[in-house]
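First the structure, in the form of structure tokens, and then the observations on it.
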Amino acid sequence: MTTYWQKEIECMPREEIEKLQLKRTKGMLKRAYDRIAWFKKQYDAHGVKPEDFKELDDLSKFPLVQKDDLRDNYPFGLFAEPMENVIRIHASSGTTGKPILGGYTKHDVYDVFAEVNARSLNCCDVTSQDIIQNAYGYGLFTGGLGIHYGGEMIGATVIPISGGNTARQLMLMEDFGSTAITCTPSYMIYLAEEINKRGINRENIKLKVGIHGAEPWSEKMRKKIEELMPGMTAIDIYGLTEIIGPGVSVNCTVNRYKGLHIWEDHFLPEILDPKNDFERVAPGEKGEIAFSTITREATPLPRYRAKDITRLNYEKCACGRTHARHDKITGRTDDMLIIHGINVFPSQIESVLMDIPQLAGYYEIVVDRKDLGSLDKVTIRIELTEEHFSDKVKDIEAFTKEVADKLYSSLLFHAKIELVPPGTIPRSVGKAQRVVDMRADKI
Ligand SMILES: [Zn+2]
């Protein structure tokens, strides 16, 4: 039986959703224009006013918002509320080291963020009967607290264990009888393999739903997770800090291979063609997805480019929900790497390397995983300068460690460093191929 958190909204007839979107989008545009100087400047420069928005299609008259715009207005330039009304700030990493921020009023935390996560949990059959082991990171990252509030709202028992510490994860999973787990898909595979390796009695594992997101993953990976965890359904949850965090969209259990329901009364999606001046694509066509946060108070974002490639399906789902579904995300239009759920741009790695004088400035980042059961492995091959090239093994070892530590302290992931002789890395005339992603055929 399907469980709904807000059936009247989740199963609302299409015309009703659109009526609500129209009203709320008007409000968002007015709010952005009246309260945020940057939006007023942008819209004035484009010759558009909030009053020009009369029907949903008019949204395309308004300029898009890019990640760089958020960075340029760091920290609070795009906040529509005074700080006394902002009760929380989340952040994700950005290319220059300055994070991308999202602000939340009380309304944003409880009536939007917690609510869409409550709906998302019910959508994949997690209810007040469940014990949710929340292995998403807590902190500036939206994952932990997003699921936490949604889980509490539906009355489930939430275990705020956060990410990592596999031994403890497995101990509590057995002792508490966790029935749902939230974590990145790659960490789920790792946990599943550890269950086997440690010879844990399967009878003690009660997980029936795994809710996974924060990194792109394929149907192949879902199959692998479900094979490794008999009795557990693997669900995809999607979101981004700029929009709210997790809970922008989610698979339903009834139709988990047919896309993720977007909570369209809060997040208005559009699919755009980056090769055709960001015009909207024909219905059902693939393109880059943009979202408008039509109910968010603190940081309203009209037409934000999420840079994920997907398409929309407006058919009513067998689960009864009418909210549009997007296909599982299959690629991004920029070069961001997502490693163990952490967003990393090659330029961030570069900026760390550039500060080390013994390095020549030629490097390549190899991202690989041995097989489906392994975590991503990052190897960074870096050339030494002629001057510092040394064949003394001991020196190289110590220096390798120093570079690895520097990378860890600024980017928080462990990379294997391979120092190579001058002239080893292929030179390119045009845009350098910095990233070699070997994961594609394995995930
Ligand atoms: Zn559905």
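Just so we're on the same page: first chain in the structure tokens is A, next is B, and so on; residues restart at 1 for each chain, and ligands are numbered from 1 in the order they show up.
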Test item: residues lying within 8 Å of ligand 1 with only C-alpha atoms and all ligand atoms, as a count of residues only: 16
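Using only C-alpha atoms, the contacts of Leu172 of chain A at a cut-off of 12 Å, with sequence neighbours closer than 6 positions omitted, comprise Ile131, Ile132, Gln133, Asn134, Ala135, Ile159, Pro160, Ile161, Asn165, Thr166, Ser178, Thr179, Ile181, Asn204, Ile205, Lys206 and Leu207 of chain A.
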Residues just named, written with N, CA, C and O atoms as a short mmCIF file (atom, residue, chain, number, x, y, z; two decimals), in the first residue's frame:
```cif
data_model
loop_
_atom_site.label_atom_id
_atom_site.label_comp_id
_atom_site.auth_asym_id
_atom_site.auth_seq_id
_atom_site.Cartn_x
_atom_site.Cartn_y
_atom_site.Cartn_z
N ILE A 131 13.03 2.50 11.47
CA ILE A 131 14.23 3.03 12.14
C ILE A 131 15.19 3.42 11.03
O ILE A 131 15.65 2.57 10.26
N ILE A 132 15.43 4.73 10.92
CA ILE A 132 16.27 5.22 9.82
C ILE A 132 17.70 5.43 10.32
O ILE A 132 17.94 6.23 11.22
N GLN A 133 18.62 4.69 9.74
CA GLN A 133 20.03 4.90 10.05
C GLN A 133 20.53 5.97 9.08
O GLN A 133 20.75 5.71 7.90
N ASN A 134 20.68 7.18 9.59
CA ASN A 134 21.00 8.31 8.70
C ASN A 134 22.51 8.47 8.58
O ASN A 134 23.14 9.17 9.36
N ALA A 135 23.08 7.79 7.58
CA ALA A 135 24.52 7.78 7.40
C ALA A 135 25.00 8.84 6.41
O ALA A 135 26.12 8.78 5.93
N ILE A 159 18.31 7.63 13.56
CA ILE A 159 19.61 7.43 14.21
C ILE A 159 20.61 8.37 13.53
O ILE A 159 21.02 8.14 12.39
N PRO A 160 21.00 9.44 14.22
CA PRO A 160 21.87 10.45 13.56
C PRO A 160 23.34 10.04 13.58
O PRO A 160 24.19 10.74 14.11
N ILE A 161 23.65 8.93 12.95
CA ILE A 161 25.00 8.37 13.04
C ILE A 161 26.00 9.10 12.16
O ILE A 161 27.20 9.04 12.39
N ASN A 165 32.86 5.55 9.82
CA ASN A 165 32.93 4.62 10.95
C ASN A 165 32.12 3.34 10.69
O ASN A 165 31.11 3.06 11.35
N THR A 166 32.62 2.58 9.74
CA THR A 166 31.89 1.40 9.27
C THR A 166 31.58 0.39 10.37
O THR A 166 30.48 -0.15 10.43
N SER A 178 17.95 -1.45 12.28
CA SER A 178 17.60 -0.37 11.33
C SER A 178 16.87 -0.96 10.13
O SER A 178 17.30 -1.96 9.56
N THR A 179 15.76 -0.29 9.74
CA THR A 179 14.99 -0.80 8.60
C THR A 179 15.22 0.04 7.35
O THR A 179 14.85 -0.36 6.25
N ILE A 181 18.18 2.90 5.48
CA ILE A 181 19.50 3.55 5.60
C ILE A 181 19.62 4.61 4.53
O ILE A 181 19.11 4.46 3.42
N ASN A 204 20.22 -10.76 11.17
CA ASN A 204 20.23 -9.57 12.03
C ASN A 204 20.12 -8.26 11.25
O ASN A 204 20.01 -7.20 11.83
N ILE A 205 20.20 -8.35 9.93
CA ILE A 205 20.11 -7.14 9.10
C ILE A 205 18.66 -7.00 8.64
O ILE A 205 18.12 -7.86 7.95
N LYS A 206 18.03 -5.90 9.08
CA LYS A 206 16.59 -5.73 8.80
C LYS A 206 16.30 -4.68 7.73
O LYS A 206 15.14 -4.32 7.52
N LEU A 207 17.34 -4.16 7.09
CA LEU A 207 17.14 -3.07 6.13
C LEU A 207 16.19 -3.47 5.01
O LEU A 207 16.37 -4.49 4.36
#
```
Per-residue DSSP, segment 122-340 of chain A, filtered to helix (DSSP H, G or I), as a VMD selection string: chain A and resid 122 to 123 142 to 153 166 to 177 185 to 197 202 to 204 219 to 228
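Here atom CA of Asp52 of chain A and atom CA of Asp34 of chain A stand 14.5 Å from one another.
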Nearest-residue call for Ile100 of chain A, choices A:Ala214, A:Leu56, A:Leu78, A:Leu359, using only C-alpha atoms: A:Leu78
